[in-house]
>>> print(open('entry_32.txt').read())   # compact mmCIF, C-alpha atoms and all ligand atoms
# COMPACT_ATOMS: atom_id res chain seq x y z
CA MET Z 1 68.07 69.36 79.92
CA THR Z 2 70.27 66.45 80.87
CA THR Z 3 72.95 65.73 83.43
CA SER Z 4 76.28 64.21 82.49
CA THR Z 5 74.71 60.76 82.98
CA GLN Z 6 71.93 61.56 80.49
CA ILE Z 7 69.02 61.55 82.90
CA PRO Z 8 66.68 64.49 82.54
CA ASN Z 9 67.49 67.24 84.97
CA TYR Z 10 64.13 67.59 86.63
CA ASP Z 11 60.55 66.52 86.80
CA VAL Z 12 58.72 69.13 88.86
CA LYS Z 13 55.27 70.67 88.65
CA ASP Z 14 55.98 74.24 87.61
CA LEU Z 15 59.29 76.08 87.41
CA ASN Z 16 57.45 79.39 87.77
CA LEU Z 17 56.98 78.59 91.45
CA ALA Z 18 60.73 78.90 92.04
CA LYS Z 19 60.78 82.44 93.49
CA ALA Z 20 58.12 81.63 96.05
CA GLY Z 21 59.98 78.45 96.92
CA ARG Z 22 63.22 80.31 97.47
CA MET Z 23 61.55 82.73 99.90
CA ARG Z 24 60.23 79.82 101.94
CA ILE Z 25 63.56 77.96 101.85
CA GLU Z 26 65.30 81.06 103.20
CA TRP Z 27 62.62 81.43 105.86
CA ALA Z 28 63.30 77.87 107.04
CA GLU Z 29 67.05 78.49 106.97
CA ARG Z 30 66.69 81.04 109.78
CA GLU Z 31 65.65 78.19 112.04
CA MET Z 32 68.47 75.89 110.95
CA PRO Z 33 71.64 77.37 112.49
CA VAL Z 34 73.41 74.05 113.02
CA LEU Z 35 73.00 73.04 109.40
CA ARG Z 36 74.16 76.50 108.34
CA LEU Z 37 77.39 76.11 110.33
CA ILE Z 38 77.96 72.73 108.70
CA ARG Z 39 77.31 74.22 105.27
CA GLU Z 40 79.84 76.98 105.88
CA ARG Z 41 82.46 74.42 106.88
CA PHE Z 42 81.56 72.20 103.90
CA GLU Z 43 82.03 75.19 101.57
CA ARG Z 44 85.60 75.51 102.83
CA GLU Z 45 86.47 71.82 103.07
CA ARG Z 46 84.40 70.25 100.23
CA PRO Z 47 84.39 66.81 101.95
CA LEU Z 48 82.12 65.13 99.40
CA ALA Z 49 83.74 66.52 96.24
CA GLY Z 50 83.52 64.29 93.20
CA LYS Z 51 80.91 61.93 94.68
CA LYS Z 52 77.41 61.23 93.41
CA MET Z 53 74.32 60.93 95.57
CA VAL Z 54 70.64 60.08 95.43
CA ALA Z 55 68.68 61.75 98.23
CA CYS Z 56 65.17 60.36 98.66
CA CYS Z 57 63.49 62.76 101.07
CA HIS Z 58 60.27 64.66 101.56
CA ILE Z 59 60.87 67.66 99.31
CA THR Z 60 60.34 70.46 101.82
CA THR Z 61 61.99 73.75 102.68
CA GLU Z 62 64.08 71.92 105.28
CA THR Z 63 65.23 69.29 102.80
CA ALA Z 64 66.17 72.09 100.42
CA ASN Z 65 68.54 73.42 103.06
CA LEU Z 66 70.03 69.95 103.45
CA ALA Z 67 70.46 69.79 99.66
CA ARG Z 68 72.24 73.15 99.68
CA THR Z 69 74.55 71.85 102.39
CA LEU Z 70 75.36 68.73 100.39
CA LYS Z 71 75.98 70.78 97.29
CA ALA Z 72 78.33 73.01 99.26
CA ALA Z 73 80.24 69.84 100.18
CA GLY Z 74 80.90 69.31 96.47
CA ILE Z 75 78.60 66.36 95.82
CA ASP Z 76 76.52 65.86 92.70
CA ALA Z 77 73.12 65.09 94.27
CA VAL Z 78 69.76 64.24 92.72
CA LEU Z 79 66.66 64.61 94.88
CA ILE Z 80 63.57 62.45 94.59
CA ALA Z 81 60.41 62.42 96.69
CA SER Z 82 60.11 59.88 99.48
CA ASN Z 83 56.33 60.03 99.36
CA PRO Z 84 53.92 60.84 96.51
CA LEU Z 85 52.02 63.42 98.60
CA SER Z 86 54.71 65.22 100.59
CA THR Z 87 56.40 67.34 97.91
CA GLN Z 88 56.22 71.12 98.17
CA ASP Z 89 56.09 72.04 94.48
CA ASP Z 90 57.51 75.54 94.96
CA VAL Z 91 60.50 74.09 96.78
CA ALA Z 92 61.08 71.52 94.04
CA ALA Z 93 61.03 74.34 91.46
CA ALA Z 94 63.37 76.53 93.50
CA LEU Z 95 65.88 73.73 93.94
CA VAL Z 96 66.08 73.32 90.17
CA VAL Z 97 66.00 76.98 89.12
CA GLU Z 98 67.57 78.85 92.02
CA TYR Z 99 70.03 76.30 93.35
CA GLY Z 100 70.78 74.16 90.27
CA ILE Z 101 69.91 70.89 91.99
CA PRO Z 102 68.09 68.19 89.96
CA VAL Z 103 64.74 67.20 91.49
CA PHE Z 104 62.20 64.57 90.47
CA ALA Z 105 59.13 65.16 92.61
CA ILE Z 106 55.58 66.39 92.11
CA LYS Z 107 52.94 66.61 94.83
CA GLY Z 108 50.26 64.05 94.04
CA GLU Z 109 52.43 62.02 91.67
CA THR Z 110 51.15 58.52 90.97
CA PRO Z 111 52.90 55.51 92.50
CA GLU Z 112 54.10 54.70 88.95
CA THR Z 113 55.77 58.11 88.62
CA TYR Z 114 57.20 57.77 92.12
CA ASN Z 115 58.73 54.40 91.25
CA ARG Z 116 59.99 55.67 87.89
CA HIS Z 117 61.81 58.48 89.70
CA VAL Z 118 63.43 55.97 92.06
CA ARG Z 119 64.68 53.90 89.13
CA MET Z 120 65.88 56.92 87.16
CA ALA Z 121 67.79 58.19 90.17
CA LEU Z 122 69.56 54.86 90.51
CA ASP Z 123 70.73 55.28 86.90
CA LEU Z 124 73.00 57.98 88.32
CA GLU Z 125 75.04 55.13 89.89
CA PRO Z 126 75.39 56.88 93.25
CA ASP Z 127 78.24 56.58 95.73
CA LEU Z 128 75.92 57.60 98.58
CA ILE Z 129 72.18 57.28 99.16
CA ILE Z 130 70.14 59.22 101.69
CA ASP Z 131 66.93 57.26 102.10
CA ASP Z 132 63.72 58.01 103.97
CA GLY Z 133 61.70 54.81 104.16
CA SER Z 134 64.25 52.61 102.34
CA ASP Z 135 62.56 52.48 98.95
CA VAL Z 136 65.74 53.38 97.05
CA VAL Z 137 67.89 50.88 98.90
CA ALA Z 138 65.27 48.12 98.55
CA THR Z 139 64.97 48.83 94.81
CA MET Z 140 68.73 48.78 94.43
CA VAL Z 141 69.02 45.41 96.17
CA LYS Z 142 66.09 43.90 94.25
CA GLU Z 143 66.67 45.33 90.78
CA ARG Z 144 70.15 46.83 90.50
CA PRO Z 145 72.43 44.72 92.75
CA GLU Z 146 75.43 45.54 90.55
CA LEU Z 147 75.28 49.11 91.91
CA ILE Z 148 76.08 47.91 95.43
CA ASN Z 149 79.77 47.49 94.58
CA LYS Z 150 80.08 51.22 94.02
CA ILE Z 151 78.18 52.28 97.14
CA ILE Z 152 80.32 53.90 99.83
CA GLY Z 153 77.41 53.97 102.23
CA THR Z 154 73.78 54.88 102.77
CA THR Z 155 71.83 56.65 105.49
CA GLU Z 156 68.29 56.10 106.70
CA GLU Z 157 66.08 58.80 108.16
CA THR Z 158 63.07 56.96 109.62
CA THR Z 159 62.06 54.33 112.12
CA THR Z 160 60.11 52.56 109.37
CA GLY Z 161 63.09 52.52 107.02
CA LEU Z 162 65.23 51.03 109.78
CA VAL Z 163 62.71 48.26 110.39
CA ARG Z 164 63.15 47.30 106.73
CA LEU Z 165 66.93 47.63 106.89
CA ARG Z 166 67.19 45.46 110.01
CA ALA Z 167 65.28 42.76 108.12
CA LEU Z 168 67.67 43.21 105.17
CA GLU Z 169 70.71 43.02 107.45
CA LYS Z 170 69.31 39.86 109.07
CA SER Z 171 68.88 38.30 105.65
CA GLY Z 172 72.64 38.74 105.12
CA ARG Z 173 72.19 41.01 102.11
CA MET Z 174 73.44 44.32 103.48
CA SER Z 175 76.98 44.34 102.19
CA TRP Z 176 77.69 48.05 102.72
CA PRO Z 177 77.63 50.37 105.76
CA THR Z 178 74.45 52.26 106.60
CA ILE Z 179 74.10 55.02 109.17
CA ALA Z 180 70.90 54.74 111.19
CA VAL Z 181 70.31 58.48 111.38
CA ASN Z 182 66.93 57.95 113.05
CA ASP Z 183 68.64 56.32 116.02
CA ALA Z 184 70.82 59.32 116.83
CA GLN Z 185 69.58 60.95 120.02
CA THR Z 186 69.56 64.36 118.38
CA LYS Z 187 67.19 62.87 115.77
CA HIS Z 188 64.49 60.75 117.34
CA PHE Z 189 64.20 62.52 120.73
CA PHE Z 190 63.32 65.74 118.92
CA ASP Z 191 62.17 65.12 115.34
CA ASN Z 192 60.05 62.05 116.11
CA ARG Z 193 58.62 63.41 119.36
CA TYR Z 194 58.31 67.19 119.08
CA GLY Z 195 58.34 67.33 115.28
CA THR Z 196 55.71 64.65 114.71
CA GLY Z 197 53.76 65.78 117.76
CA GLN Z 198 53.31 69.31 116.48
CA SER Z 199 53.19 68.72 112.73
CA THR Z 200 50.64 65.91 112.93
CA LEU Z 201 48.18 68.07 114.80
CA ASP Z 202 49.03 70.90 112.41
CA GLY Z 203 48.04 68.61 109.52
CA VAL Z 204 44.77 67.57 111.17
CA ILE Z 205 43.92 71.18 111.94
CA ARG Z 206 44.81 72.54 108.49
CA ALA Z 207 42.79 69.77 106.81
CA THR Z 208 39.70 70.20 108.99
CA ASN Z 209 39.92 73.44 111.01
CA ILE Z 210 38.43 71.62 114.00
CA LEU Z 211 38.88 72.53 117.66
CA LEU Z 212 40.84 69.87 119.52
CA ALA Z 213 39.88 70.99 123.03
CA GLY Z 214 37.40 68.58 124.58
CA ARG Z 215 37.73 66.02 121.79
CA THR Z 216 38.87 62.44 122.26
CA ILE Z 217 42.00 61.65 120.28
CA VAL Z 218 42.97 58.01 119.90
CA VAL Z 219 46.71 57.70 119.28
CA VAL Z 220 47.63 54.28 117.94
CA GLY Z 221 51.29 53.54 118.72
CA TYR Z 222 53.31 54.96 121.62
CA GLY Z 223 56.80 55.10 120.15
CA TRP Z 224 58.56 58.46 120.03
CA CYS Z 225 56.10 59.75 117.41
CA GLY Z 226 53.05 58.53 119.31
CA LYS Z 227 54.34 60.03 122.55
CA GLY Z 228 54.70 63.37 120.80
CA VAL Z 229 51.23 63.29 119.26
CA ALA Z 230 49.64 62.23 122.56
CA MET Z 231 51.52 64.87 124.55
CA ARG Z 232 50.64 67.67 122.17
CA GLY Z 233 47.02 66.47 121.85
CA ARG Z 234 46.65 66.67 125.60
CA GLY Z 235 48.29 70.08 125.57
CA MET Z 236 45.56 71.27 123.21
CA GLY Z 237 42.90 70.15 125.69
CA ALA Z 238 41.98 66.80 124.13
CA ASN Z 239 41.29 63.61 126.06
CA VAL Z 240 43.87 61.15 124.81
CA ILE Z 241 43.48 57.39 124.52
CA VAL Z 242 46.55 55.35 123.62
CA CYS Z 243 46.51 51.94 121.91
CA GLU Z 244 49.80 50.04 122.02
CA ILE Z 245 50.95 46.43 121.58
CA ASN Z 246 54.19 46.76 123.57
CA PRO Z 247 53.43 46.20 127.30
CA ILE Z 248 56.26 48.43 128.52
CA ARG Z 249 55.22 51.34 126.34
CA ALA Z 250 51.62 50.73 127.38
CA ILE Z 251 52.55 51.12 131.07
CA GLU Z 252 54.54 54.22 130.13
CA ALA Z 253 51.42 55.66 128.51
CA VAL Z 254 49.36 54.83 131.61
CA MET Z 255 51.91 56.54 133.87
CA ASP Z 256 52.05 59.49 131.49
CA GLY Z 257 48.37 59.88 132.39
CA MET Z 258 46.84 58.48 129.19
CA ARG Z 259 43.93 56.06 129.01
CA VAL Z 260 45.14 52.81 127.47
CA MET Z 261 42.89 50.26 125.79
CA THR Z 262 42.55 48.14 122.64
CA ILE Z 263 41.64 49.71 119.31
CA GLU Z 264 38.47 47.64 119.41
CA ASP Z 265 37.41 49.37 122.65
CA ALA Z 266 38.63 52.80 121.54
CA ALA Z 267 36.85 52.66 118.17
CA PRO Z 268 33.43 53.86 119.40
CA LEU Z 269 34.99 56.46 121.75
CA GLY Z 270 37.34 58.40 119.48
CA ASP Z 271 36.57 61.64 117.67
CA ILE Z 272 39.98 61.66 115.96
CA PHE Z 273 42.17 58.62 115.31
CA ILE Z 274 45.86 59.02 114.51
CA THR Z 275 48.04 56.04 113.64
CA VAL Z 276 51.80 56.16 114.21
CA THR Z 277 52.79 52.49 114.41
CA GLY Z 278 54.73 51.75 111.20
CA ASN Z 279 52.59 48.64 110.80
CA ARG Z 280 49.90 47.53 108.38
CA HIS Z 281 46.11 47.71 108.79
CA VAL Z 282 46.22 48.71 112.43
CA ILE Z 283 42.82 50.30 111.91
CA ASP Z 284 40.86 47.70 109.99
CA GLY Z 285 37.34 47.31 108.60
CA HIS Z 286 35.80 46.09 111.86
CA HIS Z 287 37.24 49.10 113.70
CA PHE Z 288 35.86 51.58 111.14
CA ALA Z 289 32.47 49.86 111.47
CA LYS Z 290 32.37 50.72 115.20
CA MET Z 291 33.27 54.40 114.86
CA HIS Z 292 30.68 57.05 115.57
CA ASP Z 293 29.24 59.32 112.90
CA GLY Z 294 31.75 61.99 111.90
CA ALA Z 295 34.88 60.30 113.26
CA LEU Z 296 38.12 61.62 111.71
CA VAL Z 297 40.92 59.23 110.85
CA ALA Z 298 44.49 60.14 109.93
CA ASN Z 299 47.86 58.45 109.67
CA SER Z 300 51.21 59.97 110.53
CA GLY Z 301 53.31 56.83 110.01
CA HIS Z 302 55.67 56.69 107.03
CA PHE Z 303 53.64 54.46 104.68
CA ASP Z 304 49.97 54.62 103.77
CA VAL Z 305 49.33 51.07 104.98
CA GLU Z 306 48.23 51.76 108.55
CA LEU Z 307 44.58 52.37 107.66
CA ASN Z 308 42.89 49.58 105.74
CA LEU Z 309 41.11 51.84 103.27
CA VAL Z 310 40.20 48.93 100.99
CA ALA Z 311 38.24 47.37 103.85
CA LEU Z 312 36.68 50.76 104.62
CA ALA Z 313 35.62 51.15 100.99
CA GLU Z 314 34.06 47.67 101.08
CA ILE Z 315 31.83 48.53 104.04
CA SER Z 316 30.95 51.94 102.58
CA GLU Z 317 28.19 52.78 100.14
CA GLU Z 318 29.59 56.12 99.04
CA LYS Z 319 32.79 58.14 99.09
CA GLU Z 320 32.93 61.91 98.66
CA GLN Z 321 35.72 64.51 98.74
CA LEU Z 322 34.48 67.22 101.13
CA ARG Z 323 37.48 69.53 101.08
CA PRO Z 324 41.17 69.15 100.29
CA PHE Z 325 42.58 66.21 102.25
CA VAL Z 326 39.16 65.15 103.60
CA GLU Z 327 37.30 62.18 102.10
CA GLN Z 328 34.01 61.12 103.61
CA TYR Z 329 33.05 57.43 103.57
CA ARG Z 330 29.37 56.71 104.29
CA LEU Z 331 29.01 53.28 105.86
CA LYS Z 332 26.45 50.78 104.62
CA GLY Z 333 23.70 50.01 107.14
CA THR Z 334 24.31 52.62 109.85
CA GLY Z 335 24.89 55.49 107.41
CA ASN Z 336 27.66 56.69 109.75
CA ARG Z 337 30.28 58.90 108.12
CA VAL Z 338 34.02 58.30 108.59
CA MET Z 339 36.34 61.04 107.35
CA VAL Z 340 39.75 59.95 106.11
CA LEU Z 341 42.37 62.68 106.04
CA GLY Z 342 45.12 62.94 103.42
CA GLU Z 343 44.29 59.59 101.79
CA GLY Z 344 45.85 57.87 104.80
CA ARG Z 345 49.29 59.23 103.86
CA LEU Z 346 51.37 61.01 106.48
CA ILE Z 347 49.06 63.83 107.38
CA ASN Z 348 51.78 66.19 108.64
CA LEU Z 349 53.35 66.38 105.19
CA ALA Z 350 50.20 65.86 103.10
CA ALA Z 351 48.10 68.63 104.67
CA ALA Z 352 50.75 70.70 106.45
CA GLU Z 353 54.45 71.42 105.95
CA GLY Z 354 56.00 68.56 107.93
CA HIS Z 355 58.16 69.10 110.97
CA PRO Z 356 59.24 72.65 111.65
CA ALA Z 357 62.72 73.66 110.57
CA SER Z 358 64.09 73.92 114.09
CA VAL Z 359 63.90 70.15 114.67
CA MET Z 360 64.84 69.25 111.10
CA ASP Z 361 67.99 71.31 111.77
CA MET Z 362 69.26 68.54 114.04
CA SER Z 363 67.96 65.66 111.90
CA PHE Z 364 69.61 67.03 108.80
CA ALA Z 365 72.80 67.95 110.64
CA ASN Z 366 72.94 64.22 111.36
CA GLN Z 367 72.37 63.44 107.68
CA ALA Z 368 75.06 65.83 106.47
CA LEU Z 369 77.59 64.61 109.05
CA SER Z 370 76.73 60.98 108.31
CA CYS Z 371 77.58 61.49 104.64
CA GLU Z 372 80.87 63.11 105.59
CA TYR Z 373 81.60 60.25 108.04
CA LEU Z 374 80.89 57.60 105.40
CA VAL Z 375 83.19 59.24 102.88
CA LYS Z 376 85.97 59.88 105.45
CA ASN Z 377 85.79 56.24 106.49
CA GLU Z 378 85.38 54.77 103.03
CA GLY Z 379 86.45 51.14 103.02
CA LYS Z 380 86.93 51.07 106.82
CA LEU Z 381 83.39 50.53 108.10
CA ALA Z 382 81.97 47.03 108.42
CA PRO Z 383 78.86 46.26 106.35
CA GLY Z 384 75.60 46.73 108.24
CA LEU Z 385 73.93 49.34 110.41
CA HIS Z 386 75.97 51.89 112.34
CA LEU Z 387 75.28 54.78 114.65
CA LEU Z 388 77.14 58.04 114.21
CA PRO Z 389 79.73 58.27 117.03
CA GLU Z 390 78.30 59.67 120.28
CA GLU Z 391 80.65 62.68 120.10
CA VAL Z 392 78.92 63.75 116.88
CA ASP Z 393 75.51 63.50 118.53
CA ASN Z 394 76.78 65.57 121.47
CA GLU Z 395 78.38 68.09 119.13
CA ILE Z 396 75.06 68.61 117.31
CA ALA Z 397 73.28 69.11 120.64
CA SER Z 398 75.95 71.55 121.83
CA LEU Z 399 75.75 73.58 118.62
CA LYS Z 400 71.95 73.69 118.92
CA LEU Z 401 72.14 74.89 122.53
CA ALA Z 402 74.71 77.53 121.55
CA ALA Z 403 72.45 78.72 118.73
CA MET Z 404 69.62 79.00 121.26
CA GLY Z 405 71.87 81.05 123.54
CA ILE Z 406 71.66 78.43 126.30
CA LYS Z 407 74.68 77.67 128.47
CA ILE Z 408 74.95 74.47 130.48
CA ASP Z 409 77.25 73.34 133.28
CA THR Z 410 80.33 71.23 132.80
CA LEU Z 411 81.82 68.65 135.14
CA THR Z 412 84.46 69.94 137.57
CA ALA Z 413 87.73 68.01 138.01
CA GLU Z 414 86.38 66.76 141.36
CA MET Z 415 83.21 65.46 139.70
CA ILE Z 416 85.17 63.71 136.96
CA GLU Z 417 87.36 62.04 139.55
CA TYR Z 418 84.28 60.92 141.54
CA MET Z 419 82.65 59.46 138.43
CA ASN Z 420 85.77 57.41 137.76
CA THR Z 421 86.22 55.87 141.18
CA TRP Z 422 84.81 52.69 142.64
CA GLU Z 423 86.17 53.07 146.17
CA ALA Z 424 83.96 55.91 147.37
CA GLY Z 425 80.58 54.75 148.74
CA THR Z 426 78.61 54.86 151.99
N1 LIG L 1 59.88 64.62 107.72
C1 LIG L 1 59.02 65.19 108.56
N2 LIG L 1 59.01 66.52 108.41
C2 LIG L 1 59.90 66.81 107.43
C3 LIG L 1 60.33 68.00 106.84
N3 LIG L 1 59.86 69.18 107.22
N4 LIG L 1 61.25 67.90 105.87
C4 LIG L 1 61.73 66.71 105.49
N5 LIG L 1 61.37 65.55 106.03
C5 LIG L 1 60.46 65.59 107.00
>>> encode(input="entry_32.txt", output="structure tokens")
Amino acid sequence: MTTSTQIPNYDVKDLNLAKAGRMRIEWAEREMPVLRLIRERFERERPLAGKKMVACCHITTETANLARTLKAAGIDAVLIASNPLSTQDDVAAALVVEYGIPVFAIKGETPETYNRHVRMALDLEPDLIIDDGSDVVATMVKERPELINKIIGTTEETTTGLVRLRALEKSGRMSWPTIAVNDAQTKHFFDNRYGTGQSTLDGVIRATNILLAGRTIVVVGYGWCGKGVAMRGRGMGANVIVCEINPIRAIEAVMDGMRVMTIEDAAPLGDIFITVTGNRHVIDGHHFAKMHDGALVANSGHFDVELNLVALAEISEEKEQLRPFVEQYRLKGTGNRVMVLGEGRLINLAAAEGHPASVMDMSFANQALSCEYLVKNEGKLAPGLHLLPEEVDNEIASLKLAAMGIKIDTLTAEMIEYMNTWEAGT
């Protein structure tokens, strides 16, 4: 099968999984009322009609509902995986068979296949790109700069992707508008904190089936994701240690009641280590060497660079797969065993199903509305990073509250007047 641009229509594991995928996509949809409202409006208004898009996302039930929303808006979208280990193969099959959306994503695909999919998707010559980690945008800038002229705009889902895009913007090479979806309040306050908090522990538990109560969890990084993991770890009865390089966040962790120390000091104390920094080799060979026998190590940051697994392999005499998503490294000398979960890739999507639909509802409402905003404002937005207007953020929050059946107060005329005066005081 081919699309009009002659790229094959799909590369998924098994189309026979489609029915099962559809059931799960519909299950997730129940928890995504805001996105559903947007989809219903898009069906009527078709705001993206005639445009082409590459969406590089984790291929999950929630992403499938985003893809349905985009399709309802009239866009011709191709989906590719944003991580080699995060694809849900039944969802990929359902998108192709049940919803007619081209997908290139297979759980466990090699980095070569992953990169081939990125390049093939760019052959579509998209008007819009939804990126999660900025691999598509970086490839476009490096290898296909001629495509930039056609780009109306791009969006970025993650903190990590935005770190890359800020560097790109600083280098003077971002000549199109990009919406920093991650920076919307209805994204990072909820998805990064409550989504990562719950789904990371879900991944650790599904991979190992261990009890968290009474264990020491070392959370490396106290951004929104780290805060969520630490909070939920404590809620499950674990003792939580936080490692952080930013002094303000470190004080925040202390005042949130966490123990704060260096990774060096935490290494012998932790039972479970979880990295959420977005940086490289934050747990390195000399840290692994200090861990006690049986320590579990996982990453929930976007890329698989946070754990230096090459250094771990160098100080190990043997590596063995104990169960899905659990690899045991036996250290030379001490014979201590360190268990790496999910190959150091984001554990919430590798071993579990990623963030629950209810938070992705708001994240993907932001994505859908960002695409609409880019197209509505084609040619009017300055190149570089933008936030969606605050009214849109507030609208998403209001719709979510309404869907939850929660009413909140509004300002009275007297309150509005008071907030706008400078004369009234002591
Ligand atoms: N990132 C984290 N969780 C996700 C999910 N469920 N779907 C898509 N992207 C995600």
>>> closest_residue(input="entry_32.txt", among="Z:Lys290, Z:His58, Z:Arg345, Z:Lys400", to="Ile130 in chain Z", atoms="all atoms listed in the file")
Z:His58
>>> residues_around(input="entry_32.txt", residues="Pro33 in chain Z", least_positions_apart="4", cutoff="10 Å", atoms="only C-alpha atoms", output="list in words")
Ala28, Glu29, Leu37, Ile38, Arg39, Ala357, Ser358, Asp361, Met362, Ala365, Leu399, Lys400, Ala402, Ala403 and Met404 of chain Z
>>> write_last_selection(input="entry_32.txt", atoms="C-alpha atoms", output="mmCIF file, in the frame of the given file")
data_model
loop_
_atom_site.group_PDB
_atom_site.id
_atom_site.type_symbol
_atom_site.label_atom_id
_atom_site.label_comp_id
_atom_site.auth_asym_id
_atom_site.auth_seq_id
_atom_site.Cartn_x
_atom_site.Cartn_y
_atom_site.Cartn_z
ATOM 1 C CA ALA Z 28 63.300 77.870 107.040
ATOM 2 C CA GLU Z 29 67.050 78.490 106.970
ATOM 3 C CA LEU Z 37 77.390 76.110 110.330
ATOM 4 C CA ILE Z 38 77.960 72.730 108.700
ATOM 5 C CA ARG Z 39 77.310 74.220 105.270
ATOM 6 C CA ALA Z 357 62.720 73.660 110.570
ATOM 7 C CA SER Z 358 64.090 73.920 114.090
ATOM 8 C CA ASP Z 361 67.990 71.310 111.770
ATOM 9 C CA MET Z 362 69.260 68.540 114.040
ATOM 10 C CA ALA Z 365 72.800 67.950 110.640
ATOM 11 C CA LEU Z 399 75.750 73.580 118.620
ATOM 12 C CA LYS Z 400 71.950 73.690 118.920
ATOM 13 C CA ALA Z 402 74.710 77.530 121.550
ATOM 14 C CA ALA Z 403 72.450 78.720 118.730
ATOM 15 C CA MET Z 404 69.620 79.000 121.260
#
>>> closest_residue(input="entry_32.txt", among="Z:Tyr329, Z:Val305, Z:Val276, Z:Arg166", to="Ala289 in chain Z", atoms="only C-alpha atoms")
Z:Tyr329
>>> closest_atom_pairs(input="entry_32.txt", of="chain Z", to="ligand LIG 1 (chain L)", cutoff="8 Å", atoms="all atoms listed in the file", output="tab-separated table")
residue	atom	partner	partner_atom	distance
Z:Cys57	CA	L:LIG1	N5	6.1
Z:His58	CA	L:LIG1	C4	4.7
Z:Ile59	CA	L:LIG1	C4	6.3
Z:Thr60	CA	L:LIG1	N4	4.9
Z:Thr61	CA	L:LIG1	N4	6.7
Z:Glu62	CA	L:LIG1	N4	5.0
Z:Thr63	CA	L:LIG1	C4	5.1
Z:Asp191	CA	L:LIG1	C1	7.5
Z:Gly195	CA	L:LIG1	N2	6.9
Z:Thr196	CA	L:LIG1	C1	7.0
Z:Ser199	CA	L:LIG1	N2	7.6
Z:Asn348	CA	L:LIG1	N2	7.2
Z:Leu349	CA	L:LIG1	N2	6.5
Z:Glu353	CA	L:LIG1	N3	6.0
Z:Gly354	CA	L:LIG1	N2	3.7
Z:His355	CA	L:LIG1	N2	3.7
Z:Pro356	CA	L:LIG1	N3	5.7
Z:Ala357	CA	L:LIG1	N3	6.3
Z:Met360	CA	L:LIG1	N3	6.3
>>> atom_distance(input="entry_32.txt", atom1="CA of Ala73 in chain Z", atom2="CA of Arg119 in chain Z")
24.9 Å
>>> atom_distance(input="entry_32.txt", atom1="CA of Ala167 in chain Z", atom2="CA of Ser86 in chain Z")
25.9 Å
>>> atom_distance(input="entry_32.txt", atom1="CA of Asn308 in chain Z", atom2="CA of Asp284 in chain Z")
5.1 Å
>>> residues_around(input="entry_32.txt", residues="Val219 in chain Z", least_positions_apart="4", cutoff="9 Å", atoms="all atoms listed in the file", output="PyMOL selection string")
chain Z and resi 226-227+229-230+240-244+272-276
>>> closest_residue(input="entry_32.txt", among="Z:Met419, Z:Val254, Z:Ala238, Z:Leu201", to="Tyr222 in chain Z", atoms="all atoms listed in the file")
Z:Val254
>>> closest_residue(input="entry_32.txt", among="Z:Val141, Z:Arg68, Z:Tyr99, Z:Met53", to="Pro126 in chain Z", atoms="only C-alpha atoms")
Z:Met53
>>> residues_around(input="entry_32.txt", residues="Leu296 in chain Z", least_positions_apart="6", cutoff="8 Å", atoms="all atoms listed in the file", output="number ranges by chain")
Z: 271-273, 338-341
>>> closest_atom_pairs(input="entry_32.txt", of="range 279-344 of chain Z", to="range 155-160 of chain Z", cutoff="12 Å", atoms="only C-alpha atoms", output="JSON lines")
{"residue": "Z:Asn279", "atom": "CA", "partner": "Z:Thr160", "partner_atom": "CA", "distance": 8.6}
{"residue": "Z:Arg280", "atom": "CA", "partner": "Z:Thr160", "partner_atom": "CA", "distance": 11.4}
{"residue": "Z:Ser300", "atom": "CA", "partner": "Z:Thr160", "partner_atom": "CA", "distance": 11.6}
{"residue": "Z:Gly301", "atom": "CA", "partner": "Z:Thr160", "partner_atom": "CA", "distance": 8.1}
{"residue": "Z:His302", "atom": "CA", "partner": "Z:Thr160", "partner_atom": "CA", "distance": 6.5}
{"residue": "Z:Phe303", "atom": "CA", "partner": "Z:Thr160", "partner_atom": "CA", "distance": 8.2}
{"residue": "Z:Asp304", "atom": "CA", "partner": "Z:Thr160", "partner_atom": "CA", "distance": 11.8}
{"residue": "Z:Val305", "atom": "CA", "partner": "Z:Thr160", "partner_atom": "CA", "distance": 11.7}
{"residue": "Z:Glu306", "atom": "CA", "partner": "Z:Thr160", "partner_atom": "CA", "distance": 11.9}
>>> write_last_selection(input="entry_32.txt", atoms="C-alpha atoms", output="PDB file, in the coordinates of the input")
ATOM      1  CA  ASN Z 279      52.590  48.640 110.800  1.00  0.00           C
ATOM      2  CA  ARG Z 280      49.900  47.530 108.380  1.00  0.00           C
ATOM      3  CA  SER Z 300      51.210  59.970 110.530  1.00  0.00           C
ATOM      4  CA  GLY Z 301      53.310  56.830 110.010  1.00  0.00           C
ATOM      5  CA  HIS Z 302      55.670  56.690 107.030  1.00  0.00           C
ATOM      6  CA  PHE Z 303      53.640  54.460 104.680  1.00  0.00           C
ATOM      7  CA  ASP Z 304      49.970  54.620 103.770  1.00  0.00           C
ATOM      8  CA  VAL Z 305      49.330  51.070 104.980  1.00  0.00           C
ATOM      9  CA  GLU Z 306      48.230  51.760 108.550  1.00  0.00           C
TER      10      GLU Z 306
END
>>> residues_around(input="entry_32.txt", residues="Leu374 in chain Z", least_positions_apart="4", cutoff="8 Å", atoms="all atoms listed in the file", output="PyMOL selection string")
chain Z and resi 152-153+177+370+378+381
>>> residues_around(input="entry_32.txt", residues="range 121-123 of chain Z", least_positions_apart="4", cutoff="7 Å", atoms="only C-alpha atoms", output="list in words")
Val54, Val78 and His117 of chain Z
>>> closest_residue(input="entry_32.txt", among="Z:Leu346, Z:Ala92, Z:Leu369, Z:Leu124", to="Thr277 in chain Z", atoms="all atoms listed in the file")
Z:Leu346
